[in-house]
Amino acid sequence: MEADIFEYHKEEDTVDIKSFQEEKQKLIQPTALKDPKLAKLKEALVNWINSTLKPEHIVVQSLEEDLYDGLVLHHMLSRLAGVDVPVEEMALTSPAQIRKLGLVLEELDQRLGLQDDSPIKWNVKLIHNKDLLATIHLLVAMVRSFQPDLDLPPNVNVEVIIMEVSKSGIKSDVQTEVLTDEREAGPESLMKSEREDPIDKLLKLEAHKVNTVKKAILYFVNQNMQTLGLQVANMDKQFADGVILLLLIGQLEGFFIPLCDFNLTPVNHSEMVHNVTLALDLLNNLGLKVSSVDPQDIVSQDVTATLKVLYALFKKHKGK
């Protein structure tokens, strides 16, 4: 068994060495990896992936380490484009991963709207080799195509070393690579950054300040729910099924939501999602825009999402 493992790694090492011959390789300068703009872009892309795949319970921590085998890209393609590529869920060997990546990237490239004269800055080998530059180029292209309203840090450039390895030696050059340009953040996104969501600002404060605001909102909720004989003790959990949220909206806005329109005693995930979706639709119809909150967030007991919804109601009705 040990001999087989040794031979397997020996074979892969040989392939890696050959892959660098007779080709130009682009590598991000080590000093550029510490650029705060690049760090913010990586963080934005990780957050985008995780919010997209939250219903799948997939969490990405590193662009370099978590995308190379095709699993994450496979699920992203399914969620964003509704395309289910017929490949195995878990590709454990290198050949299986390369095959899976090839099929997924083939589908992705068809849907990214790339111009015929635009060189593609990623391929199967680069992604599988955990090439950060290629991975970022691919993800930025996916954002532009599938979710163009998502704000990415603008004007992110990095210095790259271009190396050409041949039998005669190594040639190298240093160039600047554009990862995002000014179109990533137009006037609207700049305005949005200036008026950051108050709950997002709140959660950056000290814990005792966050708890003070949560207590105030909880008191407001219970003041309005006491006529129904209901009380909320755990804000993070008791809104997850959407029932109390719908009843609270009805109480505050002075209308009755027919019981046939929602599940008063939801017993499964889909019924909870239905309730919360109805609640968010009602808020939207009332002109209470709740930024970046998905029904799945509330059902998943995401404290930030729950606070955003309750704060919108609190802000409108706190004077009553």
# chains A, B, ... in the order shown; residues from 1 in each chain; ligands from 1
>>> select_by_dssp(residues="region 39-245 of chain A", states="helix (DSSP H, G or I)", output="PyMOL selection string")
chain A and resi 39-52+54-56+63-66+71-81+94-111+124-128+132-146+182-184+187-194+198-202+207-228+235-238+243-245
>>> closest_residue(among="A:Leu101, A:Leu33, A:Val143, A:Leu132", to="Leu45 (chain A)", atoms="only C-alpha atoms")
A:Val143
>>> residues_around(residues="Ala91 (chain A)", least_positions_apart="4", cutoff="9 Å", atoms="only C-alpha atoms", output="JSON list (two decimals) with N, CA and C atoms, in the first residue's frame")
[["chain", "number", "residue", "atom", "x", "y", "z"],
["A", 69, "ASP", "N", -11.28, 21.84, -6.97],
["A", 69, "ASP", "CA", -11.76, 20.51, -7.33],
["A", 69, "ASP", "C", -13.09, 20.53, -8.09],
["A", 70, "GLY", "N", -13.68, 21.73, -8.28],
["A", 70, "GLY", "CA", -14.89, 21.85, -9.09],
["A", 70, "GLY", "C", -16.19, 21.77, -8.34],
["A", 71, "LEU", "N", -16.17, 21.34, -7.07],
["A", 71, "LEU", "CA", -17.42, 21.18, -6.33],
["A", 71, "LEU", "C", -18.14, 22.51, -6.15],
["A", 87, "VAL", "N", -22.20, 15.52, -13.39],
["A", 87, "VAL", "CA", -20.91, 15.04, -12.90],
["A", 87, "VAL", "C", -21.08, 14.53, -11.48],
["A", 95, "PRO", "N", -7.52, 13.10, -11.67],
["A", 95, "PRO", "CA", -8.17, 12.98, -12.99],
["A", 95, "PRO", "C", -9.67, 13.26, -12.93],
["A", 96, "ALA", "N", -10.34, 12.80, -11.87],
["A", 96, "ALA", "CA", -11.78, 13.03, -11.74],
["A", 96, "ALA", "C", -12.07, 14.52, -11.54],
["A", 97, "GLN", "N", -11.22, 15.20, -10.76],
["A", 97, "GLN", "CA", -11.40, 16.63, -10.55],
["A", 97, "GLN", "C", -11.21, 17.42, -11.85],
["A", 98, "ILE", "N", -10.19, 17.05, -12.61],
["A", 98, "ILE", "CA", -9.92, 17.74, -13.87],
["A", 98, "ILE", "C", -11.07, 17.53, -14.84],
["A", 99, "ARG", "N", -11.59, 16.32, -14.90],
["A", 99, "ARG", "CA", -12.73, 16.04, -15.78],
["A", 99, "ARG", "C", -13.94, 16.88, -15.36],
["A", 100, "LYS", "N", -14.21, 16.91, -14.06],
["A", 100, "LYS", "CA", -15.35, 17.67, -13.56],
["A", 100, "LYS", "C", -15.18, 19.16, -13.85]]
>>> closest_residue(among="A:Val210, A:Val160, A:Leu63, A:Leu73", to="Val124 (chain A)", atoms="only C-alpha atoms")
A:Leu73
>>> closest_residue(among="A:Ser292, A:Asn123, A:Thr180, A:Asn157", to="Thr52 (chain A)", atoms="only C-alpha atoms")
A:Ser292
>>> residues_around(residues="Asp84 (chain A)", least_positions_apart="4", cutoff="12 Å", atoms="only C-alpha atoms", output="PyMOL selection string")
chain A and resi 71+73-80+88-89+103-104+107-108
>>> residues_around(residues="Leu38 (chain A)", least_positions_apart="5", cutoff="9 Å", atoms="only C-alpha atoms", output="PDB file with N, CA and C atoms, in the first residue's frame")
ATOM      1  N   ALA A  32       2.429  41.828  -3.579  1.00  0.00           N
ATOM      2  CA  ALA A  32       1.081  42.263  -3.955  1.00  0.00           C
ATOM      3  C   ALA A  32       0.001  41.507  -3.184  1.00  0.00           C
ATOM      4  N   LEU A  33       0.353  40.316  -2.670  1.00  0.00           N
ATOM      5  CA  LEU A  33      -0.623  39.527  -1.915  1.00  0.00           C
ATOM      6  C   LEU A  33      -1.038  40.218  -0.620  1.00  0.00           C
ATOM      7  N   GLU A  43     -12.202  38.929  -0.042  1.00  0.00           N
ATOM      8  CA  GLU A  43     -13.243  38.811   0.979  1.00  0.00           C
ATOM      9  C   GLU A  43     -14.632  38.971   0.375  1.00  0.00           C
ATOM     10  N   PRO A 153     -14.956  45.739  -4.872  1.00  0.00           N
ATOM     11  CA  PRO A 153     -13.988  46.834  -4.749  1.00  0.00           C
ATOM     12  C   PRO A 153     -13.475  47.244  -6.136  1.00  0.00           C
ATOM     13  N   VAL A 156      -8.965  47.424  -8.652  1.00  0.00           N
ATOM     14  CA  VAL A 156      -8.004  46.537  -7.989  1.00  0.00           C
ATOM     15  C   VAL A 156      -7.009  46.052  -9.042  1.00  0.00           C
ATOM     16  N   ASN A 157      -5.759  46.424  -8.866  1.00  0.00           N
ATOM     17  CA  ASN A 157      -4.680  46.011  -9.766  1.00  0.00           C
ATOM     18  C   ASN A 157      -3.588  45.313  -8.960  1.00  0.00           C
ATOM     19  N   VAL A 158      -2.944  44.346  -9.571  1.00  0.00           N
ATOM     20  CA  VAL A 158      -1.832  43.666  -8.905  1.00  0.00           C
ATOM     21  C   VAL A 158      -0.660  43.534  -9.865  1.00  0.00           C
ATOM     22  N   LEU A 179      -7.734  43.520 -12.147  1.00  0.00           N
ATOM     23  CA  LEU A 179      -8.715  42.553 -11.659  1.00  0.00           C
ATOM     24  C   LEU A 179     -10.126  43.140 -11.683  1.00  0.00           C
TER      25      LEU A 179
END
>>> closest_residue(among="A:Gln61, A:Val72, A:Thr306, A:Ser270", to="Gln238 (chain A)", atoms="only C-alpha atoms")
A:Thr306
>>> residues_around(residues="region 213-219 of chain A", least_positions_apart="4", cutoff="12 Å", atoms="only C-alpha atoms", output="PyMOL selection string")
chain A and resi 198-199+202-203+205-209+223-226+231-236+238-239+248+303-304+306-315+317-318
